[in-house]
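Asks: Handing you a structure now.
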Amino acid sequence: MIYQVIVSLLFIVFIGLISIGIDRFIVATSTIILLLLLGVISPHEVLNFVDWDVLGLIIFMNMYSYILEESGFARFVTYKIVSSIKNTRVLLYSLILLSGIVSLILENAVTVFIFAPVALEASIMLGVDPRKILIGIALAAGMSGSATMVGDPPAMIVAGHYNLGFMDFIFYNTRPSMFFLILIPMIIAIASYVYFNFKEIDEKNIDLSKVDLGAVDKLFVYEALVFLLVKIVLLSVRKELGLPLTIPAFIALTCVLATRILVHRDVETARNTIREGLDYKLPVFLISVFLLSNSLKKHGVTDIIASYILSYAGGNPISIAITVFTLSAILSAFIENIPVTLTLLPIIDVVSINLRVDPVILAWAALSGLTAGGGYTYIGSGANVVAIHILESKKIKTTFNSFIKTALPFNIVNTITVLGLYIAIWGPIIFK
């Protein structure tokens with residue numbers, strides 16, 4: 001009983017400190033030390049509680065995101081779009097949608113950084129509020145992260161927890177899964193966002209072909225995409241080949257770096273990838289969250305929460321799926337998505353056993369809610385935080401309430417569509 005109280009308090013304090021902006025490396029390190037000193041976990045359990053395979057995938061994907069950024073991949077694709085579209089609303093819609101598509105394979109905060117220059121330039125040439133363009137880009141980028149297995153850490157964590165392959169995020173048990181649950185609502189929500197936020201825009205033909213997106217090394221772009229495709233193929237067949245999650249990401253990263261060094265004599269990119277892409281604070285933070293999550297499970301806290309969910313929903317599978325979706329969405333609006341994911345998965349495991357349903361189906365509900373809820377505030381998603389930071393660096397102030405108001409058309413349409421699609425696709429399976 002005492003350990004249930006201790007670990008629950010540690011979790012609440014952990015979330016609270018991160019939410020108010022305390023350096024998460026300091027919070028993570030302190031949490032690990034306290035878990036050990038207070039006897040909540042043993043040193044041996046540190047090794048068992050951390051999913052080292054998922055940790056490796058996230059680290060290597062973070063480094064590969066730097067490769068894609070350095071290659072100019074997003075700038076190259078954006079330039080092709082911007083230089084060919086003349087209609088203003090179509091251009092705004094395409095630009096925001098493109099950021100969501102790029103974020104399928106690139107970390108969402110990185111996507112916002114890459115798209116910010118063209119968004120700010122477009123706002124000047126079109127005479128529109130730069131906040132509305134950049135917030136739209138952040139919402140789309142943040143939404144699409146869980147559509148594929150390699151888009152964002154929560155998706156990677158779910159994949160590792162349930163031993164999923166890349167194609168499971170496209171189709172699972174022959175039914176459309178996360179890719180469609182995320183992409184279709186995003187396409188519709190962006191249309192709503194553009195309609196409501198750019199009503200007063202002059203419908204005139206504007207040539208943005210002169211927007212400077214910087215020099216792009218096309219060969220580097222193609223190389224990065226080829227090895228990214230190799231990684232996706234290996235992840236798709238990893239269950240059949242018995243490959244850990246880390247191996248495909250490691251192979252892709254090693255091959256692209258070897259190509260830069262041996263073929264192009266580009267040692268600088270390799271050096272910068274290791275220096276900039278390998279952030280030592282990230283694994284420490286992830287380790288602390290794994291330890292906290294498994295401590296909650298070890299001492300029965302997740303079982304207690306699961307029993308409350310089962311009691312509240314009355315044992316109705318659809319009601320429980322909606323409850324998981326709602327809980328995930330509410331938490332992710334204010335809390336970073338990694339601890340939310342790792343906290344919900346043990347609860348989903350307990351609930352699925354009681355309901356005798358596939359836990360992956362409930363995990364789709366959690367992931368869907370996580371991505372839908374993250375857009376409601378500018379602290380709920382890394383993409384939103386980056387967008388606000390960029391605007392503030394340009395002396396453009398965005399209040400908490402103004403962000404919510406601007407993002408509301410996207411979020412309402414997105415949430416309703418995601419939940420409706422989830423029930424339509426997975427409702428019949430849950431009731432079997």
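Every chain in the structure tokens has a letter given in the order shown (A, B, ...), and although residue numbers restart at 1 in each chain, ligands are simply numbered from 1 in the order shown.
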Phe334 in chain A: which residues within 10 Å, counting only C-alpha atoms, same-chain residues fewer than 5 positions away excluded, as a PyMOL selection string?

Replies: chain A and resi 15-16+19+329+373-381

Asks: Tell me, as a list in words, which residues lie within 12 Å of Tyr280 in chain A, counting only C-alpha atoms; anything in the same chain fewer than 4 positions away does not count.

Replies: Arg24, Phe25, Thr29, Leu55, Ile59, Asn62, Met63, Ile274, Arg275, Glu276, Val284, Phe285, Leu286 and Ile287 of chain A

Asks: Write out, as a tab-separated table (two decimals), in the first residue's frame, the residues just selected, with N, CA and C atoms.

Replies:
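Result written to part14.tsv:
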chain	number	residue	atom	x	y	z
A	24	ARG	N	13.63	18.38	-18.34
A	24	ARG	CA	13.20	17.00	-18.14
A	24	ARG	C	14.36	16.05	-17.85
A	25	PHE	N	15.58	16.43	-18.19
A	25	PHE	CA	16.73	15.60	-17.84
A	25	PHE	C	16.94	15.61	-16.33
A	29	THR	N	16.44	12.25	-14.10
A	29	THR	CA	17.55	11.75	-13.28
A	29	THR	C	17.13	11.65	-11.81
A	55	LEU	N	13.88	1.73	-27.06
A	55	LEU	CA	14.79	2.84	-26.78
A	55	LEU	C	15.79	3.02	-27.92
A	59	ILE	N	16.16	6.30	-30.52
A	59	ILE	CA	17.44	7.02	-30.63
A	59	ILE	C	17.91	7.07	-32.08
A	62	ASN	N	15.73	9.30	-34.17
A	62	ASN	CA	16.04	10.70	-33.88
A	62	ASN	C	17.25	11.15	-34.69
A	63	MET	N	18.24	10.27	-34.79
A	63	MET	CA	19.43	10.59	-35.57
A	63	MET	C	19.10	10.62	-37.07
A	274	ILE	N	25.95	12.53	-35.34
A	274	ILE	CA	26.23	11.95	-34.03
A	274	ILE	C	26.14	13.02	-32.94
A	275	ARG	N	26.71	14.20	-33.23
A	275	ARG	CA	26.74	15.25	-32.20
A	275	ARG	C	25.36	15.86	-31.96
A	276	GLU	N	24.63	16.16	-33.05
A	276	GLU	CA	23.35	16.83	-32.91
A	276	GLU	C	22.19	15.84	-32.76
A	284	VAL	N	17.85	9.11	-21.21
A	284	VAL	CA	17.67	9.18	-19.76
A	284	VAL	C	16.21	9.44	-19.43
A	285	PHE	N	15.60	10.37	-20.18
A	285	PHE	CA	14.19	10.67	-19.97
A	285	PHE	C	13.33	9.44	-20.24
A	286	LEU	N	13.60	8.75	-21.34
A	286	LEU	CA	12.82	7.57	-21.69
A	286	LEU	C	12.98	6.46	-20.65
A	287	ILE	N	14.19	6.28	-20.16
A	287	ILE	CA	14.44	5.26	-19.12
A	287	ILE	C	13.61	5.58	-17.88

Asks: May I ask which of the residues A:Val233, A:Leu47, A:Val385, A:Ala122 is the closest one to Asn294 in chain A, counting only C-alpha atoms?

Replies: A:Leu47

Asks: Fewer than 6 positions away in the same chain doesn't count, so skip those; otherwise give me all residues within 12 Å of Leu296 in chain A, counting only C-alpha atoms, as an MDAnalysis selection string.

Replies: chainID A and resid 1 3:12 35 40:41 49 289:290 302:306 339 342:347

Asks: Restricted to N, CA and C atoms, what would the selected residues look like written as a tab-separated table (two decimals), in the first residue's frame?

Replies:
chain	number	residue	atom	x	y	z
A	1	MET	N	0.83	-1.21	0.00
A	1	MET	CA	0.00	0.00	0.00
A	1	MET	C	0.86	1.26	0.00
A	3	TYR	N	3.88	1.64	-1.07
A	3	TYR	CA	4.56	1.83	-2.35
A	3	TYR	C	3.60	2.34	-3.43
A	4	GLN	N	2.33	1.97	-3.32
A	4	GLN	CA	1.34	2.50	-4.27
A	4	GLN	C	1.23	4.01	-4.13
A	5	VAL	N	1.25	4.47	-2.90
A	5	VAL	CA	1.18	5.92	-2.63
A	5	VAL	C	2.44	6.61	-3.13
A	6	ILE	N	3.60	6.02	-2.81
A	6	ILE	CA	4.88	6.63	-3.18
A	6	ILE	C	5.01	6.76	-4.69
A	7	VAL	N	4.77	5.66	-5.41
A	7	VAL	CA	4.96	5.69	-6.86
A	7	VAL	C	3.92	6.58	-7.53
A	8	SER	N	2.71	6.64	-6.98
A	8	SER	CA	1.68	7.52	-7.53
A	8	SER	C	2.07	8.99	-7.35
A	9	LEU	N	2.59	9.32	-6.17
A	9	LEU	CA	3.04	10.69	-5.91
A	9	LEU	C	4.22	11.07	-6.81
A	10	LEU	N	5.14	10.12	-6.96
A	10	LEU	CA	6.30	10.37	-7.83
A	10	LEU	C	5.85	10.63	-9.27
A	11	PHE	N	4.86	9.87	-9.72
A	11	PHE	CA	4.36	10.04	-11.08
A	11	PHE	C	3.70	11.41	-11.25
A	12	ILE	N	2.87	11.79	-10.28
A	12	ILE	CA	2.18	13.09	-10.34
A	12	ILE	C	3.18	14.24	-10.33
A	35	LEU	N	13.43	6.46	-7.16
A	35	LEU	CA	12.84	5.12	-7.29
A	35	LEU	C	13.76	4.06	-6.67
A	40	VAL	N	11.42	1.47	-4.37
A	40	VAL	CA	10.28	1.19	-5.24
A	40	VAL	C	10.64	0.14	-6.28
A	41	ILE	N	11.87	0.22	-6.77
A	41	ILE	CA	12.40	-0.79	-7.70
A	41	ILE	C	13.80	-1.18	-7.25
A	49	PHE	N	12.86	-3.50	-16.61
A	49	PHE	CA	11.71	-2.62	-16.83
A	49	PHE	C	11.85	-1.75	-18.08
A	289	VAL	N	10.81	7.19	-17.66
A	289	VAL	CA	9.39	6.95	-17.91
A	289	VAL	C	9.09	5.45	-17.93
A	290	PHE	N	9.96	4.67	-18.53
A	290	PHE	CA	9.79	3.21	-18.50
A	290	PHE	C	9.77	2.70	-17.05
A	302	THR	N	-1.81	0.44	-11.77
A	302	THR	CA	-2.50	0.33	-13.06
A	302	THR	C	-3.71	-0.61	-12.97
A	303	ASP	N	-3.63	-1.62	-12.11
A	303	ASP	CA	-4.77	-2.53	-11.93
A	303	ASP	C	-5.95	-1.78	-11.30
A	304	ILE	N	-5.64	-0.91	-10.36
A	304	ILE	CA	-6.69	-0.12	-9.70
A	304	ILE	C	-7.37	0.81	-10.71
A	305	ILE	N	-6.54	1.49	-11.54
A	305	ILE	CA	-7.09	2.39	-12.56
A	305	ILE	C	-7.92	1.60	-13.57
A	306	ALA	N	-7.43	0.43	-13.96
A	306	ALA	CA	-8.16	-0.41	-14.92
A	306	ALA	C	-9.50	-0.84	-14.36
A	339	PRO	N	5.07	9.78	-21.61
A	339	PRO	CA	4.59	9.21	-20.35
A	339	PRO	C	3.12	8.80	-20.39
A	342	LEU	N	3.11	5.27	-22.08
A	342	LEU	CA	3.66	4.21	-21.23
A	342	LEU	C	2.80	3.97	-19.99
A	343	THR	N	2.03	4.95	-19.57
A	343	THR	CA	1.13	4.77	-18.44
A	343	THR	C	-0.13	4.01	-18.87
A	344	LEU	N	-0.62	4.29	-20.08
A	344	LEU	CA	-1.87	3.68	-20.53
A	344	LEU	C	-1.71	2.22	-20.95
A	345	LEU	N	-0.56	1.85	-21.49
A	345	LEU	CA	-0.42	0.49	-22.03
A	345	LEU	C	-0.64	-0.62	-20.99
A	346	PRO	N	-0.05	-0.52	-19.78
A	346	PRO	CA	-0.35	-1.57	-18.78
A	346	PRO	C	-1.82	-1.61	-18.40
A	347	ILE	N	-2.48	-0.44	-18.39
A	347	ILE	CA	-3.91	-0.40	-18.09
A	347	ILE	C	-4.70	-1.10	-19.19

Asks: Pick from A:Leu91, A:Lys281, A:Leu38, A:Ile247: nearest to Trp52 in chain A, with only C-alpha atoms counted?

Replies: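 Going through A:Leu91, A:Lys281, A:Leu38, A:Ile247 one by one, the smallest distance to Trp52 in chain A is for A:Ile247.
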
Asks: Name the residues of range 233-361 of chain A that fall into alpha helix (DSSP H) according to DSSP on the backbone, using the chain letters and numbers of this document, as a PyMOL selection string.

Replies: chain A and resi 233-236+238-241+246-262+267-272+281-298+301-313+317-332+337-355+359-361

Asks: How would the residues just picked look written out with C-alpha atoms as a short mmCIF file (atom, residue, chain, number, x, y, z; two decimals), in the first residue's frame?

Replies:
data_model
loop_
_atom_site.label_atom_id
_atom_site.label_comp_id
_atom_site.auth_asym_id
_atom_site.auth_seq_id
_atom_site.Cartn_x
_atom_site.Cartn_y
_atom_site.Cartn_z
CA VAL A 233 10.87 -2.71 -45.70
CA LEU A 234 12.89 -4.37 -42.92
CA LEU A 235 10.44 -3.15 -40.29
CA SER A 236 7.59 -4.55 -42.39
CA ARG A 238 10.84 -7.95 -39.03
CA LYS A 239 8.47 -10.43 -37.37
CA GLU A 240 9.07 -12.97 -40.14
CA LEU A 241 12.86 -12.43 -39.94
CA THR A 246 16.57 -1.44 -33.42
CA ILE A 247 18.28 -3.39 -36.23
CA PRO A 248 16.46 -1.89 -39.27
CA ALA A 249 16.98 1.64 -37.93
CA PHE A 250 20.64 0.92 -37.22
CA ILE A 251 21.19 -0.55 -40.70
CA ALA A 252 19.59 2.45 -42.44
CA LEU A 253 21.54 4.97 -40.37
CA THR A 254 24.84 3.11 -40.84
CA CYS A 255 24.36 2.78 -44.61
CA VAL A 256 23.50 6.42 -45.20
CA LEU A 257 26.42 7.63 -43.07
CA ALA A 258 28.80 5.18 -44.76
CA THR A 259 27.64 6.48 -48.14
CA ARG A 260 28.28 10.09 -47.10
CA ILE A 261 31.76 9.26 -45.81
CA LEU A 262 33.01 6.72 -48.37
CA VAL A 267 32.67 13.47 -42.79
CA GLU A 268 31.07 16.65 -41.46
CA THR A 269 27.52 15.34 -41.89
CA ALA A 270 28.39 12.11 -40.09
CA ARG A 271 30.03 14.05 -37.27
CA ASN A 272 27.06 16.43 -36.95
CA LYS A 281 19.12 13.56 -22.42
CA LEU A 282 16.52 11.70 -24.48
CA PRO A 283 17.45 8.13 -23.42
CA VAL A 284 17.67 9.18 -19.76
CA PHE A 285 14.19 10.67 -19.97
CA LEU A 286 12.82 7.57 -21.69
CA ILE A 287 14.44 5.26 -19.12
CA SER A 288 12.83 7.23 -16.28
CA VAL A 289 9.39 6.95 -17.91
CA PHE A 290 9.79 3.21 -18.50
CA LEU A 291 10.77 2.75 -14.85
CA LEU A 292 7.87 4.88 -13.59
CA SER A 293 5.35 3.12 -15.81
CA ASN A 294 6.49 -0.36 -14.78
CA SER A 295 6.62 0.71 -11.12
CA LEU A 296 2.94 1.66 -11.36
CA LYS A 297 2.30 -1.77 -12.82
CA LYS A 298 4.49 -3.62 -10.29
CA VAL A 301 -1.67 1.09 -9.42
CA THR A 302 -2.50 0.33 -13.06
CA ASP A 303 -4.77 -2.53 -11.93
CA ILE A 304 -6.69 -0.12 -9.70
CA ILE A 305 -7.09 2.39 -12.56
CA ALA A 306 -8.16 -0.41 -14.92
CA SER A 307 -10.81 -1.60 -12.46
CA TYR A 308 -12.21 1.95 -12.26
CA ILE A 309 -12.39 2.13 -16.05
CA LEU A 310 -14.15 -1.24 -16.24
CA SER A 311 -16.55 -0.18 -13.50
CA TYR A 312 -17.23 3.24 -15.07
CA ALA A 313 -17.89 1.81 -18.54
CA PRO A 317 -16.32 -2.84 -24.86
CA ILE A 318 -17.21 0.17 -27.03
CA SER A 319 -17.74 2.36 -23.94
CA ILE A 320 -14.34 1.28 -22.64
CA ALA A 321 -12.67 2.00 -26.00
CA ILE A 322 -14.25 5.48 -26.01
CA THR A 323 -13.14 5.98 -22.39
CA VAL A 324 -9.55 5.03 -23.31
CA PHE A 325 -9.70 7.42 -26.30
CA THR A 326 -11.10 10.27 -24.16
CA LEU A 327 -8.67 9.73 -21.28
CA SER A 328 -5.74 9.67 -23.71
CA ALA A 329 -6.94 12.85 -25.47
CA ILE A 330 -7.45 14.79 -22.22
CA LEU A 331 -4.09 13.78 -20.78
CA SER A 332 -2.19 14.52 -23.99
CA ASN A 337 2.76 12.01 -25.02
CA ILE A 338 5.53 9.54 -24.06
CA PRO A 339 4.59 9.21 -20.35
CA VAL A 340 0.90 9.12 -21.29
CA THR A 341 1.55 6.21 -23.67
CA LEU A 342 3.66 4.21 -21.23
CA THR A 343 1.13 4.77 -18.44
CA LEU A 344 -1.87 3.68 -20.53
CA LEU A 345 -0.42 0.49 -22.03
CA PRO A 346 -0.35 -1.57 -18.78
CA ILE A 347 -3.91 -0.40 -18.09
CA ILE A 348 -4.97 -1.47 -21.58
CA ASP A 349 -3.37 -4.90 -21.00
CA VAL A 350 -5.44 -5.45 -17.83
CA VAL A 351 -8.67 -4.17 -19.41
CA SER A 352 -8.22 -6.29 -22.55
CA ILE A 353 -7.76 -9.46 -20.48
CA ASN A 354 -10.98 -8.76 -18.60
CA LEU A 355 -12.88 -8.01 -21.82
CA PRO A 359 -5.19 -5.23 -26.64
CA VAL A 360 -3.86 -3.75 -29.90
CA ILE A 361 -7.40 -2.59 -30.77
#

Asks: Counting only C-alpha atoms, what is within 7 Å of range 68-74 of chain A, bar same-chain residues fewer than 5 positions away, as a ChimeraX atom specification?

Replies: /A:102,114,216-217,220-221,224

Asks: Mind listing the strand (DSSP E) residues of range 58-302 of chain A, per DSSP on the backbone, as a list in words?

Replies: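 Assigned to strand (DSSP E), within range 58-302 of chain A: Phe171, Tyr172, Arg175 and Pro176 of chain A.
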
Asks: Keeping only N, CA and C atoms, write the selected residues to a file as an mmCIF file, in the first residue's frame.

Replies:
data_model
loop_
_atom_site.group_PDB
_atom_site.id
_atom_site.type_symbol
_atom_site.label_atom_id
_atom_site.label_comp_id
_atom_site.auth_asym_id
_atom_site.auth_seq_id
_atom_site.Cartn_x
_atom_site.Cartn_y
_atom_site.Cartn_z
ATOM 1 N N PHE A 171 -2.561 -1.853 -42.086
ATOM 2 C CA PHE A 171 -3.680 -2.785 -41.933
ATOM 3 C C PHE A 171 -3.363 -3.738 -40.784
ATOM 4 N N TYR A 172 -4.336 -3.910 -39.897
ATOM 5 C CA TYR A 172 -4.163 -4.849 -38.785
ATOM 6 C C TYR A 172 -5.348 -5.807 -38.799
ATOM 7 N N ARG A 175 -7.957 -5.126 -41.412
ATOM 8 C CA ARG A 175 -8.742 -3.887 -41.332
ATOM 9 C C ARG A 175 -7.822 -2.662 -41.306
ATOM 10 N N PRO A 176 -8.307 -1.541 -41.848
ATOM 11 C CA PRO A 176 -7.495 -0.309 -41.815
ATOM 12 C C PRO A 176 -7.150 0.064 -40.376
#

Asks: Separation of CA of Gly100 in chain A and CA of Ala147 in chain A, in Å?

Replies: 10.0 Å

Asks: Calculate how many Å separate CA of Thr31 in chain A from CA of Val13 in chain A, rounding to one decimal.

Replies: 9.4 Å

Asks: Go through A:Leu408, A:Val413, A:Ile137, A:Ile388 and flag the residue nearest Tyr93 in chain A, using only C-alpha atoms for the distances.

Replies: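 The answer is A:Ile137, which sits nearest to Tyr93 in chain A.
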